[in-house]
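Visitor: Just one file: my_file04.txt, with compact mmCIF, C-alpha atoms.
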```
# COMPACT_ATOMS: atom_id res chain seq x y z
CA MET D 1 74.04 126.38 204.32
CA GLY D 2 75.98 125.82 201.12
CA GLY D 3 73.56 124.85 198.38
CA ASP D 4 70.42 126.13 200.06
CA ALA D 5 68.14 128.33 198.01
CA ALA D 6 68.45 132.02 198.78
CA GLY D 7 67.68 135.42 197.30
CA PRO D 8 69.99 137.93 195.63
CA VAL D 9 73.32 138.65 197.29
CA PRO D 10 72.90 141.90 199.29
CA MET D 11 75.70 144.20 198.18
CA GLU D 12 75.48 146.91 200.82
CA GLY D 13 78.33 147.13 203.29
CA HIS D 14 78.93 148.95 206.54
CA ASP D 15 81.90 150.36 208.39
CA PHE D 16 82.84 148.20 211.33
CA ALA D 17 81.96 149.78 214.66
CA LEU D 18 84.56 149.90 217.42
CA TRP D 19 82.74 147.24 219.43
CA GLU D 20 82.77 144.93 216.39
CA LYS D 21 86.51 145.41 215.90
CA ARG D 22 87.00 144.65 219.58
CA VAL D 23 85.06 141.40 219.26
CA ASP D 24 87.27 140.45 216.33
CA ALA D 25 90.41 141.30 218.32
CA LEU D 26 89.25 139.30 221.37
CA MET D 27 88.51 136.32 219.14
CA VAL D 28 91.97 136.41 217.55
CA LEU D 29 93.84 137.06 220.83
CA CYS D 30 92.04 134.42 222.94
CA SER D 31 92.36 131.90 220.14
CA SER D 32 96.10 132.56 219.72
CA LYS D 33 96.56 132.20 223.48
CA GLY D 34 94.90 128.81 223.40
CA HIS D 35 91.68 129.64 225.29
CA PHE D 36 89.60 128.07 222.56
CA THR D 37 89.87 126.80 219.02
CA VAL D 38 88.08 127.90 215.90
CA ASP D 39 86.23 124.60 216.12
CA GLY D 40 85.02 125.53 219.60
CA LEU D 41 83.67 128.79 218.24
CA ARG D 42 81.97 126.99 215.35
CA ARG D 43 80.31 124.55 217.71
CA ALA D 44 78.92 127.44 219.77
CA LEU D 45 77.72 129.20 216.62
CA GLU D 46 76.01 126.06 215.31
CA ASP D 47 74.36 125.46 218.69
CA MET D 48 72.61 128.83 218.42
CA GLY D 49 70.27 127.37 215.82
CA GLU D 50 69.42 128.51 212.35
CA ASP D 51 67.29 131.46 213.38
CA ALA D 52 70.26 133.08 215.14
CA PHE D 53 71.56 133.91 211.67
CA GLU D 54 68.40 135.92 210.99
CA LYS D 55 67.99 137.52 214.39
CA HIS D 56 71.55 138.52 215.25
CA SER D 57 74.32 140.29 213.40
CA TYR D 58 77.65 138.68 212.63
CA TYR D 59 79.61 140.09 215.55
CA GLU D 60 76.69 139.57 217.93
CA ARG D 61 76.94 135.86 217.20
CA TRP D 62 80.71 135.98 217.56
CA ILE D 63 80.78 137.65 220.97
CA ALA D 64 78.22 135.10 222.13
CA ALA D 65 80.43 132.25 220.88
CA VAL D 66 83.59 133.77 222.37
CA ASN D 67 81.84 134.23 225.70
CA GLN D 68 80.46 130.71 225.77
CA ASN D 69 83.89 129.22 225.12
CA LEU D 70 85.54 131.38 227.78
CA VAL D 71 82.93 130.41 230.39
CA GLU D 72 83.28 126.74 229.48
CA GLY D 73 87.05 127.11 229.68
CA GLY D 74 86.77 128.51 233.19
CA VAL D 75 88.33 131.90 232.38
CA TYR D 76 85.46 133.55 234.30
CA THR D 77 82.06 132.46 235.54
CA LEU D 78 78.60 133.20 234.21
CA GLU D 79 77.89 135.00 237.46
CA GLU D 80 80.88 137.28 236.98
CA LEU D 81 79.66 138.04 233.50
CA ALA D 82 76.10 138.79 234.60
CA THR D 83 77.26 141.04 237.44
CA ARG D 84 79.56 142.98 235.13
CA MET D 85 76.91 143.37 232.42
CA ASP D 86 74.54 144.84 235.02
CA GLU D 87 77.21 147.27 236.19
CA ILE D 88 77.86 148.31 232.61
CA ALA D 89 74.17 149.00 232.01
CA ALA D 90 74.24 151.49 234.88
CA ARG D 91 77.15 153.47 233.42
CA GLY D 92 75.26 155.20 230.62
CA ALA D 93 72.91 154.91 227.69
CA THR D 94 75.43 154.74 224.85
CA TYR D 95 78.34 152.47 224.00
CA GLY D 96 80.87 155.26 224.53
CA GLU D 97 79.63 155.98 228.04
CA ALA D 98 79.28 152.34 229.01
CA ALA D 99 82.66 151.34 227.58
CA ARG D 100 84.35 154.41 229.07
CA GLY D 101 85.97 155.03 225.73
CA MET S 1 83.72 148.34 184.24
CA PRO S 2 81.61 145.39 185.22
CA HIS S 3 82.86 145.18 188.79
CA ASP S 4 82.00 148.72 189.75
CA HIS S 5 78.24 148.72 190.03
CA HIS S 6 78.21 147.49 193.61
CA ASP S 7 81.34 149.31 194.71
CA HIS S 8 79.81 151.78 197.13
CA ASP S 9 83.19 153.09 198.27
CA HIS S 10 83.87 154.55 194.89
CA ASP S 11 80.42 155.45 193.71
CA HIS S 12 80.67 159.17 193.25
CA ASP S 13 77.01 159.42 192.35
CA HIS S 14 76.32 159.07 196.04
CA ASP S 15 76.26 162.08 198.30
CA HIS S 16 78.91 161.21 200.85
CA HIS S 17 77.67 163.82 203.27
CA HIS S 18 74.14 162.56 203.23
CA HIS S 19 72.66 162.17 206.68
CA GLY S 20 73.02 158.64 207.98
CA LEU S 21 76.10 157.80 205.92
CA SER S 22 79.57 157.36 207.29
CA PRO S 23 82.51 159.39 205.90
CA SER S 24 83.19 156.61 203.40
CA GLY S 25 79.60 156.63 202.20
CA HIS S 26 78.34 153.53 203.98
CA PRO S 27 75.10 153.60 205.90
CA TYR S 28 75.62 153.33 209.61
CA ARG S 29 74.13 150.25 211.15
CA GLN S 30 71.17 150.89 213.32
CA ASP S 31 73.13 149.82 216.38
CA ASP S 32 75.71 152.57 215.91
CA ASP S 33 73.34 155.36 216.82
CA ALA S 34 70.86 153.37 218.89
CA PRO S 35 71.08 152.86 222.65
CA LEU S 36 73.62 150.46 224.13
CA THR S 37 72.71 146.91 223.15
CA TYR S 38 72.83 143.67 225.12
CA TRP S 39 75.64 142.37 222.87
CA GLN S 40 77.70 145.53 223.23
CA ARG S 41 77.39 145.16 227.01
CA MET S 42 78.59 141.58 226.64
CA GLU S 43 81.60 142.70 224.60
CA ILE S 44 82.54 145.31 227.23
CA ALA S 45 82.09 142.80 230.07
CA VAL S 46 84.10 140.04 228.36
CA ARG S 47 86.89 142.47 227.48
CA GLU S 48 87.10 143.90 231.00
CA LEU S 49 87.07 140.44 232.61
CA LEU S 50 89.82 139.22 230.25
CA ILE S 51 91.97 142.21 231.17
CA GLU S 52 91.33 141.77 234.90
CA LYS S 53 92.14 138.07 234.70
CA GLY S 54 95.42 138.86 232.99
CA VAL S 55 94.51 137.09 229.74
CA THR S 56 95.14 140.20 227.68
CA THR S 57 95.67 143.95 228.06
CA ALA S 58 93.95 147.01 226.68
CA ALA S 59 97.11 147.81 224.74
CA GLU S 60 97.22 144.34 223.22
CA ILE S 61 93.60 144.64 222.08
CA ALA S 62 94.23 148.07 220.57
CA GLY S 63 97.32 146.71 218.84
CA GLN S 64 95.38 143.82 217.36
CA ILE S 65 92.73 146.24 216.02
CA ASP S 66 95.45 148.42 214.48
CA LEU S 67 97.01 145.36 212.89
CA MET S 68 93.70 144.27 211.39
CA ASP S 69 92.97 147.81 210.18
CA SER S 70 96.35 147.90 208.48
CA ARG S 71 95.52 144.86 206.37
CA SER S 72 93.82 145.69 203.13
CA PRO S 73 93.42 144.28 199.63
CA ALA S 74 96.56 146.26 198.76
CA ASN S 75 98.55 143.43 200.40
CA GLY S 76 96.98 140.82 198.16
CA ALA S 77 97.34 143.12 195.15
CA ALA S 78 101.09 143.36 195.75
CA VAL S 79 101.34 139.58 195.79
CA VAL S 80 99.33 139.27 192.57
CA ALA S 81 101.39 141.94 190.81
CA ARG S 82 104.60 140.16 191.84
CA ALA S 83 103.25 136.91 190.43
CA TRP S 84 102.40 138.66 187.15
CA THR S 85 105.93 139.99 186.75
CA ASP S 86 108.09 137.25 188.28
CA PRO S 87 107.47 133.73 186.89
CA ALA S 88 109.61 132.09 189.57
CA PHE S 89 107.60 133.82 192.29
CA LYS S 90 104.35 132.81 190.61
CA SER S 91 105.50 129.22 190.62
CA ARG S 92 106.29 129.42 194.34
CA LEU S 93 102.95 131.14 194.99
CA LEU S 94 100.98 128.38 193.30
CA ASP S 95 103.08 125.80 195.12
CA ASN S 96 102.66 127.36 198.59
CA ALA S 97 100.88 130.70 198.76
CA GLY S 98 101.59 131.10 202.47
CA ASP S 99 105.35 130.80 202.11
CA ALA S 100 105.42 132.98 198.98
CA SER S 101 103.43 135.70 200.77
CA ARG S 102 105.74 135.49 203.79
CA GLU S 103 108.67 136.10 201.42
CA MET S 104 107.11 139.51 200.75
CA GLY S 105 106.87 140.18 204.47
CA PHE S 106 103.18 139.43 204.98
CA ASP S 107 102.18 137.65 208.17
CA ILE S 108 99.99 134.75 207.10
CA GLY S 109 99.74 133.02 210.46
CA PRO S 110 99.56 129.26 210.81
CA LEU S 111 96.81 128.71 208.25
CA HIS S 112 97.26 127.01 204.91
CA LEU S 113 96.87 129.49 202.04
CA ILE S 114 96.21 128.27 198.52
CA ALA S 115 96.38 130.45 195.40
CA VAL S 116 94.12 129.33 192.55
CA GLU S 117 94.94 130.65 189.10
CA ASN S 118 92.46 131.96 186.57
CA THR S 119 93.35 130.91 183.06
CA ALA S 120 91.88 131.40 179.60
CA ASP S 121 89.32 128.66 180.24
CA THR S 122 88.97 128.49 184.04
CA HIS S 123 87.60 131.02 186.51
CA ASN S 124 87.91 130.51 190.28
CA LEU S 125 85.55 131.74 192.98
CA ILE S 126 86.03 131.52 196.73
CA VAL S 127 83.39 131.22 199.42
CA CYS S 128 83.07 129.95 202.96
CA THR S 129 79.77 128.10 203.16
CA LEU S 130 80.32 127.43 206.87
CA CYS S 131 80.75 131.03 207.97
CA SER S 132 83.27 133.64 206.91
CA CYS S 133 86.73 132.12 206.43
CA TYR S 134 88.63 134.51 204.20
CA PRO S 135 92.29 135.29 203.40
CA ARG S 136 92.05 138.14 205.90
CA ASN S 137 95.81 138.44 206.38
CA LEU S 138 96.16 139.42 202.72
CA LEU S 139 92.83 141.14 202.08
CA GLY S 140 91.69 142.51 205.45
CA LEU S 141 88.26 141.73 206.87
CA PRO S 142 85.74 140.26 204.42
CA PRO S 143 83.06 142.46 202.87
CA ASP S 144 79.60 142.06 204.39
CA TRP S 145 78.19 140.30 201.33
CA TYR S 146 80.81 137.56 201.66
CA LYS S 147 79.29 136.68 205.04
CA THR S 148 75.67 136.74 203.90
CA ARG S 149 73.49 133.69 203.78
CA ALA S 150 72.66 134.46 200.14
CA TYR S 151 76.27 134.45 198.92
CA ARG S 152 77.28 131.43 200.96
CA SER S 153 74.26 129.41 199.89
CA ARG S 154 74.26 130.22 196.22
CA ALA S 155 77.96 130.47 195.34
CA VAL S 156 78.23 126.69 195.39
CA ARG S 157 74.84 126.04 193.78
CA GLU S 158 74.60 128.58 191.00
CA PRO S 159 77.93 130.40 190.76
CA ARG S 160 77.19 131.76 187.29
CA ALA S 161 74.03 133.48 188.49
CA VAL S 162 75.91 134.92 191.48
CA LEU S 163 78.70 136.20 189.24
CA THR S 164 76.11 137.84 187.00
CA GLU S 165 74.86 139.79 190.01
CA PHE S 166 78.41 141.06 190.44
CA GLY S 167 78.37 142.14 186.79
CA LEU S 168 80.53 139.29 185.61
CA ASP S 169 79.10 137.37 182.65
CA LEU S 170 81.46 134.57 181.74
CA PRO S 171 81.03 132.52 178.57
CA ASP S 172 79.51 129.06 178.98
CA SER S 173 82.81 127.63 177.76
CA THR S 174 84.56 128.95 180.88
CA THR S 175 84.85 126.38 183.66
CA ILE S 176 83.97 127.85 187.04
CA ARG S 177 85.68 126.29 190.04
CA VAL S 178 84.24 127.17 193.44
CA HIS S 179 86.55 126.76 196.43
CA ASP S 180 84.97 126.35 199.85
CA SER S 181 87.27 127.72 202.56
CA THR S 182 87.74 126.36 206.05
CA ALA S 183 89.27 127.78 209.19
CA ASP S 184 92.60 126.17 208.38
CA MET S 185 92.53 126.39 204.59
CA ARG S 186 92.00 129.71 202.85
CA TYR S 187 92.04 130.52 199.17
CA ILE S 188 92.99 133.55 197.14
CA VAL S 189 92.35 133.90 193.42
CA LEU S 190 95.30 134.75 191.19
CA PRO S 191 93.51 136.60 188.38
CA ALA S 192 94.81 136.60 184.83
CA ARG S 193 96.97 139.58 183.93
CA PRO S 194 94.92 141.92 181.75
CA ALA S 195 95.93 142.37 178.13
CA GLY S 196 97.72 145.59 177.21
CA THR S 197 99.66 145.82 180.47
CA GLU S 198 103.05 144.77 179.12
CA ASP S 199 104.61 148.16 179.77
CA LEU S 200 103.33 148.63 183.33
CA THR S 201 105.54 148.42 186.40
CA GLU S 202 104.79 146.04 189.24
CA ALA S 203 103.39 148.94 191.30
CA GLU S 204 101.19 150.07 188.42
CA LEU S 205 99.94 146.52 187.95
CA ALA S 206 99.03 146.27 191.64
CA GLU S 207 96.71 149.26 191.14
CA LEU S 208 94.66 147.14 188.74
CA VAL S 209 94.10 144.35 191.27
CA THR S 210 90.78 144.77 193.07
CA ARG S 211 89.58 142.98 196.17
CA ASP S 212 86.80 141.31 194.22
CA CYS S 213 89.13 139.92 191.57
CA MET S 214 91.04 138.11 194.32
CA ILE S 215 87.75 136.63 195.59
CA GLY S 216 86.67 135.78 192.07
CA THR S 217 83.58 137.98 191.94
CA GLY S 218 85.38 140.45 189.68
CA LEU S 219 88.16 140.84 187.15
CA PRO S 220 91.17 143.12 187.42
CA ARG S 221 90.75 146.62 186.13
CA THR S 222 92.13 147.21 182.65
CA PRO S 223 94.50 150.16 182.28
CA GLN S 224 91.63 152.20 180.74
CA THR S 225 89.07 151.57 183.51
CA GLY S 226 91.83 151.76 186.12
CA ALA S 227 92.40 155.39 185.14
CA THR S 228 88.78 156.34 185.79
CA ALA S 229 88.07 154.28 188.88
CA GLY S 230 87.73 156.39 191.98
```
Here is the file; what I need is its structure written in the form of structure tokens.

Guide:
Amino acid sequence: MGGDAAGPVPMEGHDFALWEKRVDALMVLCSSKGHFTVDGLRRALEDMGEDAFEKHSYYERWIAAVNQNLVEGGVYTLEELATRMDEIAARGATYGEAARG
Amino acid sequence: MPHDHHDHDHDHDHDHHHHGLSPSGHPYRQDDDAPLTYWQRMEIAVRELLIEKGVTTAAEIAGQIDLMDSRSPANGAAVVARAWTDPAFKSRLLDNAGDASREMGFDIGPLHLIAVENTADTHNLIVCTLCSCYPRNLLGLPPDWYKTRAYRSRAVREPRAVLTEFGLDLPDSTTIRVHDSTADMRYIVLPARPAGTEDLTEAELAELVTRDCMIGTGLPRTPQTGATAG
């Protein structure tokens, strides 16, 4: 997107939530263990299409890219992921309850 | 102090205890106090599966988060202050910023780190137009604005206008060099040492080095503004 027209740079920041820090940690750890490369993550991010940058936050896009690379790498299956995400939804209404800390 | 107008962390005009603000004065994102999201469920699921498959452990993840939390612009500031006081170190830094930073005990990882020096007639600005590549081992995680579409799009197209938004009005005679980072090649700006700092120690100098001046969207504090900055 370098060179595209855009509005003023938004200056507001936010404190990273625990789940965002965990996404960052998973990205670094899986990458250092050779489960994917930064290029693999980029490819997944680019494949999401331009509107993903408007609809989803930074770490939402990153967990999606990490997940896609891990599934493609055979670390776990899409079915395992879907089953687990359903189980997690049943644990509680907030992140703390669902993550069990 | 031109670099302070956007510095929410230190803006004492804000009421830090205002409802909806975190202890450091930042607004919470909506998803921090909203119900569990789809993406949070995905993070939990991916993390649990990785632990069960033996790829990583809960302790390793916690350790990585602690490591990232421990990295802050103070690391980069220490490197800059060393370069300001030790000409031989500065020369090594400009030759190979990764090796020079490792000398000071900072873990730079395998990436290639390049220090670009501001001079009397040249100002450097760093950006990652692709996503968010940033000298995170020396500065910590990038600020949100660094990752925005607006900054990434415009830094390479109209850097002077972007710098003006950060309160930095450089004379037309100053050359602005914009450095586009990649995953394997990161930049850090070596700002010019402020005038009137001849008597300061290396530690005192490091206090003048802000995060933004190492990105190029700011200048170091001067001893006068440094004394009043929160």

Visitor: How many Å lie between CA of Arg177 (chain S) and CA of Phe53 (chain D), rounded to one decimal?

Guide: 26.9 Å

Visitor: Write out as a ChimeraX atom specification each polymer residue whose atoms come within 12 Å of Arg82 (chain S), counting only C-alpha atoms; drop sequence neighbours fewer than 4 positions from it.

Guide: /S:75-78,86-93,100-101,103-104,190,193,201-206,209

Visitor: Let me make sure I understand: among S:Asp144, S:Glu52, S:Asp184, S:Asp212, which one has the smallest atom-to-atom distance to chain D if we use all atoms listed in the file?

Guide: S:Asp144

Visitor: Nearest to Tyr134 (chain S): which of S:Thr37, S:Thr210, S:Thr182, S:Thr57 is it, counting all atoms listed in the file?

Guide: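 The shortest atom-to-atom distance to Tyr134 (chain S) comes from S:Thr182.
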
Visitor: If you measure from CA of Ala62 (chain S) to CA of Val23 (chain D), what distance in Å do you get, rounded to one decimal?

Guide: 11.4 Å

Visitor: Excluding Leu163 (chain S) and residues on its chain fewer than 6 positions from it, collect all residues at most 12 Å away from it, counting all atoms listed in the file, and give them as a VMD selection string.

Guide: (chain D and resid 8 to 9) or (chain S and resid 2 to 3 123 to 126 151 154 to 157 169 to 171 176 178 212 to 213 215 to 219)

Visitor: Got a sec to pull out which chain S residues are within 6 Å of chain D, counting only C-alpha atoms, and send them as a ChimeraX atom specification?

Guide: /S:26,35-36,39,41,45,61,64-65,129,144-145,150-154,156-157

Visitor: Tell me, in Å to one decimal, how far CA of Phe166 (chain S) is from CA of Ala192 (chain S).

Guide: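 Interatomic distance, CA of Phe166 (chain S) to CA of Ala192 (chain S): 17.9 Å.
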
Visitor: Between D:Ala44, D:Gly49, D:Phe36, D:Glu79, which has the minimum distance to Ala65 (chain D) (counting only C-alpha atoms)?

Guide: D:Ala44

Visitor: Between S:Cys128, S:Ala161, S:Leu141, S:Met42, which is the closest to Tyr187 (chain S) once you count all atoms listed in the file?

Guide: S:Cys128

Visitor: Excluding Thr222 (chain S) and residues on its chain fewer than 5 positions from it, collect all residues at most 8 Å away from it, counting only C-alpha atoms, and give them as JSON, numbers by chain.

Guide: {"S": [194, 195, 196, 197, 208]}

Visitor: Just checking: using only C-alpha atoms, which residue out of S:Glu207, S:Ala74, S:Gly98, S:Ile114 ends up closest to Pro223 (chain S)?

Guide: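 That would be S:Glu207, the residue with the smallest distance to Pro223 (chain S).
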
Visitor: With a distance cut-off of 9 Å and only C-alpha atoms, select the neighbouring residues of Arg186 (chain S), excluding the residue or stretch itself and same-chain residues fewer than 5 positions from it, and output the selection as a PyMOL selection string.

Guide: chain S and resi 111-115+126+128+133-136+179-181
